[in-house]
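Colleague: Please find model_7.cif (mmCIF, C-alpha atoms and all ligand atoms) on the next line:
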data_my_file
loop_
_atom_site.label_atom_id
_atom_site.label_comp_id
_atom_site.auth_asym_id
_atom_site.auth_seq_id
_atom_site.Cartn_x
_atom_site.Cartn_y
_atom_site.Cartn_z
CA LEU A 133 0.00 0.00 0.00
CA GLU A 134 2.42 2.59 -1.17
CA THR A 135 0.67 5.01 -3.40
CA LYS A 136 -1.89 6.88 -1.39
CA GLU A 137 -1.42 9.73 -3.84
CA GLU A 138 -3.48 7.69 -6.27
CA TYR A 139 -6.50 8.47 -4.21
CA GLY A 140 -8.12 11.73 -5.03
CA HIS A 141 -9.36 13.46 -1.92
CA LYS A 142 -12.88 12.44 -2.77
CA THR A 143 -12.67 8.67 -2.39
CA LEU A 144 -14.36 7.74 0.87
CA ALA A 145 -14.46 4.56 2.90
CA GLN A 146 -18.02 3.94 1.70
CA ASP A 147 -16.74 3.78 -1.90
CA VAL A 148 -14.33 0.93 -1.13
CA MET A 149 -16.07 -1.04 1.62
CA ARG A 150 -18.01 -4.29 1.15
CA PRO A 151 -20.74 -5.23 0.75
CA ARG A 152 -21.57 -3.14 -2.30
CA GLN A 153 -25.24 -2.36 -2.77
CA SER A 154 -25.84 -5.38 -4.98
CA ASP A 155 -23.77 -7.78 -2.85
CA PRO A 156 -25.08 -10.11 -0.18
CA LEU A 157 -25.16 -8.64 3.31
CA LEU A 158 -22.23 -8.34 5.64
CA VAL A 159 -21.91 -11.64 7.48
CA VAL A 160 -21.83 -11.00 11.22
CA LEU A 161 -22.05 -13.10 14.37
CA THR A 162 -24.06 -12.03 17.41
CA GLN A 163 -22.49 -11.87 20.87
CA GLU A 164 -25.14 -14.26 22.19
CA GLY A 165 -27.92 -16.43 20.86
CA MET A 166 -26.07 -18.36 18.15
CA SER A 167 -25.38 -22.06 18.50
CA VAL A 168 -22.19 -23.99 17.73
CA GLY A 169 -23.97 -25.55 14.74
CA GLU A 170 -25.10 -22.17 13.39
CA ILE A 171 -21.62 -20.71 13.59
CA GLU A 172 -20.13 -23.81 11.98
CA GLY A 173 -22.70 -23.28 9.22
CA VAL A 174 -21.52 -19.71 8.68
CA ILE A 175 -17.93 -20.93 8.51
CA ALA A 176 -18.87 -23.62 5.98
CA ASP A 177 -20.97 -21.29 3.82
CA THR A 178 -18.45 -18.44 3.52
CA ASP A 179 -14.71 -18.10 3.11
CA TYR A 180 -14.15 -14.75 4.76
CA SER A 181 -11.06 -14.43 6.95
CA GLY A 182 -13.07 -13.02 9.81
CA PHE A 183 -16.42 -11.89 11.14
CA PRO A 184 -17.56 -8.82 13.01
CA VAL A 185 -19.41 -9.66 16.23
CA VAL A 186 -22.39 -7.43 17.01
CA VAL A 187 -24.70 -6.96 19.99
CA SER A 188 -27.70 -8.06 17.92
CA GLN A 189 -28.77 -8.25 14.30
CA GLU A 190 -31.22 -5.40 14.92
CA SER A 191 -28.74 -3.01 16.55
CA GLN A 192 -25.66 -3.87 14.42
CA ARG A 193 -23.58 -2.40 17.27
CA LEU A 194 -20.02 -3.59 16.99
CA VAL A 195 -18.59 -5.67 19.84
CA GLY A 196 -15.42 -6.96 18.19
CA PHE A 197 -13.91 -8.99 15.40
CA VAL A 198 -13.11 -12.68 15.34
CA LEU A 199 -10.75 -14.42 12.93
CA ARG A 200 -12.09 -17.41 11.05
CA ARG A 201 -9.11 -19.56 11.99
CA ASP A 202 -9.51 -18.84 15.71
CA LEU A 203 -13.20 -19.73 15.49
CA VAL A 204 -12.48 -23.00 13.71
CA ILE A 205 -9.87 -24.02 16.27
CA SER A 206 -11.95 -23.00 19.28
CA LEU A 207 -15.15 -24.71 18.16
CA ASP A 208 -13.18 -27.82 17.30
CA ASN A 209 -11.51 -27.77 20.72
CA ALA A 210 -14.81 -27.22 22.49
CA ARG A 211 -16.35 -30.23 20.74
CA LYS A 212 -13.36 -32.43 21.53
CA ARG A 213 -12.41 -31.29 25.02
CA GLN A 214 -15.48 -29.78 26.63
CA ASP A 215 -17.86 -32.43 27.90
CA GLY A 216 -21.29 -32.49 26.31
CA VAL A 217 -20.82 -29.76 23.72
CA VAL A 218 -23.10 -30.38 20.74
CA SER A 219 -24.42 -28.41 17.76
CA ALA A 220 -27.19 -26.95 19.90
CA SER A 221 -24.74 -25.56 22.49
CA LEU A 222 -25.02 -21.79 22.68
CA VAL A 223 -21.95 -19.68 22.01
CA PHE A 224 -21.24 -16.55 24.06
CA PHE A 225 -18.86 -13.75 23.19
CA LEU A 226 -20.17 -11.81 26.22
CA GLU A 227 -17.88 -10.84 29.07
CA HIS A 228 -20.16 -12.56 31.56
CA ALA A 229 -21.81 -15.53 29.99
CA PRO A 230 -24.97 -16.42 31.86
CA PRO A 231 -24.67 -19.35 34.29
CA GLN A 232 -24.98 -22.77 32.79
CA PRO A 233 -28.68 -23.50 32.23
CA PHE A 234 -30.09 -26.45 34.18
CA SER A 235 -31.43 -28.00 31.05
CA GLY A 236 -29.75 -27.85 27.67
CA PRO A 237 -26.19 -28.62 26.61
CA PRO A 238 -23.15 -26.81 28.05
CA VAL A 239 -22.42 -23.37 26.61
CA VAL A 240 -19.21 -22.41 24.79
CA LYS A 241 -17.49 -19.17 25.85
CA LEU A 242 -15.44 -17.50 23.14
CA ARG A 243 -14.76 -14.04 24.59
CA GLY A 244 -11.07 -14.92 24.64
CA ILE A 245 -10.65 -15.03 20.86
CA LEU A 246 -12.47 -11.75 20.25
CA ASP A 247 -10.49 -8.69 19.18
CA LEU A 248 -12.33 -6.09 21.24
CA SER A 249 -10.81 -3.07 19.50
CA PRO A 250 -10.86 -3.73 15.80
CA PHE A 251 -9.83 -0.73 13.78
CA THR A 252 -12.88 1.25 12.67
CA VAL A 253 -13.53 4.21 10.40
CA THR A 254 -16.78 5.93 9.47
CA ASP A 255 -18.27 5.68 5.99
CA HIS A 256 -17.22 9.28 5.31
CA THR A 257 -13.56 8.85 6.22
CA PRO A 258 -11.36 9.77 3.23
CA MET A 259 -9.57 6.69 1.91
CA ALA A 260 -6.28 8.60 1.87
CA ILE A 261 -6.46 8.63 5.68
CA ALA A 262 -7.64 5.03 5.93
CA VAL A 263 -4.82 3.84 3.65
CA ASP A 264 -2.28 5.73 5.72
CA ILE A 265 -3.48 3.98 8.88
CA PHE A 266 -3.59 0.58 7.15
CA ARG A 267 0.04 1.06 6.24
CA LYS A 268 1.23 2.42 9.55
CA LEU A 269 -0.55 -0.18 11.66
CA GLY A 270 -0.08 -3.06 9.22
CA LEU A 271 -3.82 -3.77 9.21
CA ARG A 272 -5.42 -6.58 7.24
CA GLN A 273 -8.94 -5.25 7.54
CA CYS A 274 -10.91 -2.42 9.02
CA LEU A 275 -14.59 -2.04 9.83
CA VAL A 276 -16.83 0.77 8.66
CA THR A 277 -19.57 2.27 10.83
CA HIS A 278 -22.18 5.00 10.58
CA ASN A 279 -23.64 6.49 13.76
CA GLY A 280 -22.34 3.50 15.69
CA ARG A 281 -23.96 0.96 13.38
CA LEU A 282 -21.76 -1.48 11.55
CA LEU A 283 -22.00 -0.97 7.78
CA GLY A 284 -19.17 -2.87 6.16
CA ILE A 285 -15.59 -4.01 5.99
CA ILE A 286 -12.53 -3.00 3.99
CA THR A 287 -9.69 -5.48 3.54
CA LYS A 288 -6.20 -4.72 2.34
CA LYS A 289 -7.05 -6.54 -0.89
CA ASP A 290 -10.15 -4.37 -1.37
CA ILE A 291 -7.90 -1.33 -1.26
CA LEU A 292 -5.41 -2.82 -3.70
CA LYS A 293 -8.20 -3.75 -6.10
CA HIS A 294 -9.72 -0.32 -5.87
CA MET A 295 -6.34 1.27 -6.56
CA ALA A 296 -5.86 -0.94 -9.60
CA GLN A 297 -9.27 0.07 -10.93
CA MET A 298 -8.51 3.72 -10.38
CA SER A 299 -5.21 3.55 -12.22
CA ASN A 300 -6.92 1.99 -15.25
CA ARG A 301 -9.13 5.02 -15.51
CA ASP A 302 -8.51 8.37 -17.04
CA PRO A 303 -6.16 10.13 -14.59
CA ASP A 304 -8.37 13.23 -14.62
CA SER A 305 -11.30 11.24 -13.33
CA ILE A 306 -9.19 9.93 -10.46
CA LEU A 307 -8.23 13.39 -9.34
CA PHE A 308 -11.46 15.19 -9.94
CA ASN A 309 -14.23 12.65 -9.54
P1 LIG A 401 -9.41 -10.73 1.23
O1 LIG A 401 -10.00 -9.42 0.82
O2 LIG A 401 -8.01 -10.63 1.68
O3 LIG A 401 -9.68 -11.83 0.24
P2 LIG A 401 -11.52 -11.89 2.88
O4 LIG A 401 -11.49 -13.28 2.32
O5 LIG A 401 -11.77 -11.79 4.36
O6 LIG A 401 -10.17 -11.14 2.62
O7 LIG A 401 -12.63 -11.06 2.14
C1 LIG A 401 -13.03 -11.29 0.81
C2 LIG A 401 -14.02 -10.21 0.40
O8 LIG A 401 -15.19 -10.29 1.20
C3 LIG A 401 -13.51 -8.78 0.58
O9 LIG A 401 -14.00 -8.00 -0.49
C4 LIG A 401 -14.08 -8.33 1.90
O10 LIG A 401 -14.35 -6.93 1.93
C5 LIG A 401 -15.37 -9.11 1.98
N1 LIG A 401 -15.65 -9.56 3.37
C6 LIG A 401 -14.76 -9.87 4.34
N2 LIG A 401 -15.37 -10.27 5.46
C7 LIG A 401 -16.70 -10.22 5.21
C8 LIG A 401 -17.89 -10.51 5.97
N3 LIG A 401 -17.82 -10.97 7.24
N4 LIG A 401 -19.09 -10.33 5.37
C9 LIG A 401 -19.17 -9.88 4.09
N5 LIG A 401 -18.11 -9.58 3.33
C10 LIG A 401 -16.89 -9.75 3.87
#
Since I need it in another form, could you write the structure as structure tokens?
Modeller:
Amino acid sequence: LETKEEYGHKTLAQDVMRPRQSDPLLVVLTQEGMSVGEIEGVIADTDYSGFPVVVSQESQRLVGFVLRRDLVISLDNARKRQDGVVSASLVFFLEHAPPQPFSGPPVVKLRGILDLSPFTVTDHTPMAIAVDIFRKLGLRQCLVTHNGRLLGIITKKDILKHMAQMSNRDPDSILFN
């Protein structure tokens, strides 16, 4: 990510983030209420490197970010090592998971693998600034919010692709569009 000059001042985070309008929705996990089986389903159905964790689908308030590989390892471990864990076991990313219910399978607590301070910009942040921070902090992805609601994600590859697209265009349109 060398050439931040390629970005005109007008490119904003919302122009680079996913999902685009026509794309499927951002795939998020909720901090409570999902089962081991449901999360394994999300892992099987997508190949994203990570998932934002939100308070609830309705609020889309960001709690943190979890890497796919950490999820895979932790769920696998829970199934192998934690007695009685099954697909219906509930998964908690909460700080204080509720006490084990009297009925129902044991719960799985995954707070430990959550990045609680993922890097975040707003949809109106100029990409020149975002790229600068990506470079300085060596980020792989960053989340995009609007008024505290999670909107999307930008990966390093998204930025590189966007830069490539821009450089194929008429230079005037890069600077002045
Ligand atoms: P990379 O961009 O390095 O391939 P990913 O595999 O994580 O990284 O992401 C692939 C594409 O999907 C990117 O365009 C990214 O913005 C988008 N993406 C990443 N995570 C999610 C997610 N949880 N939900 C929806 N789209 C995502």
Colleague: Got a sec: who's within 12 Å of range 249-256 of chain A, counting all atoms listed in the file, leaving out chain neighbours fewer than 3 positions off, as number ranges by chain?
Modeller: A: 141-150, 182-185, 194-199, 246, 259-263, 265-266, 269-287
Colleague: Report, in Å to a single decimal, how far apart CA of Leu222 in chain A and CA of Pro238 in chain A are.
Modeller: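 So the answer is 7.6 Å.
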Colleague: Choose the residue, out of A:Thr162, A:Ser219, A:Gln214, A:Ser206, that has the smallest atom-to-atom separation from Gln192 in chain A; count all atoms listed in the file.
Modeller: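 Looking only at the distances to Gln192 in chain A, the closest residue turns out to be A:Thr162.
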Colleague: Could you check the closest approach to ligand LIG 401 (chain A) for each of A:Ile291, A:Leu242, A:Leu248, A:Val204 and tell me which residue wins, using only C-alpha atoms and all ligand atoms?
Modeller: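 That would be A:Ile291, the residue with the smallest distance to ligand LIG 401 (chain A).
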Colleague: Counting all atoms listed in the file, figure out which residue out of A:Gln232, A:Ser188, A:Gln163, A:Thr178 gets nearest to ligand LIG 401 (chain A).
Modeller: A:Thr178
Colleague: Nearest to ligand LIG 401 (chain A): which of A:Gln297, A:Ser181, A:Gln153, A:Gln189 is it, counting all atoms listed in the file?
Modeller: A:Ser181
Colleague: For CA of Val240 in chain A and CA of Leu226 in chain A, quote the distance in Å rounded to one decimal.
Modeller: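 One can read the CA of Val240 in chain A to CA of Leu226 in chain A distance as 10.7 Å.
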Colleague: Using all atoms listed in the file, which residue out of A:Gly244, A:Pro156, A:Gly173, A:Pro231 lies closest to ligand LIG 401 (chain A)?
Modeller: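 Under the stated criterion, the closest residue is A:Pro156.
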Colleague: In Å, how far is it from atom O3 of ligand LIG 401 (chain A) to CA of Met295 in chain A?
Modeller: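 Distance between the two atoms: 15.1 Å.
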Colleague: Go through A:Glu227, A:Asp215, A:Glu172, A:Asp179 and flag the residue nearest ligand LIG 401 (chain A), using only C-alpha atoms and all ligand atoms for the distances.
Modeller: A:Asp179
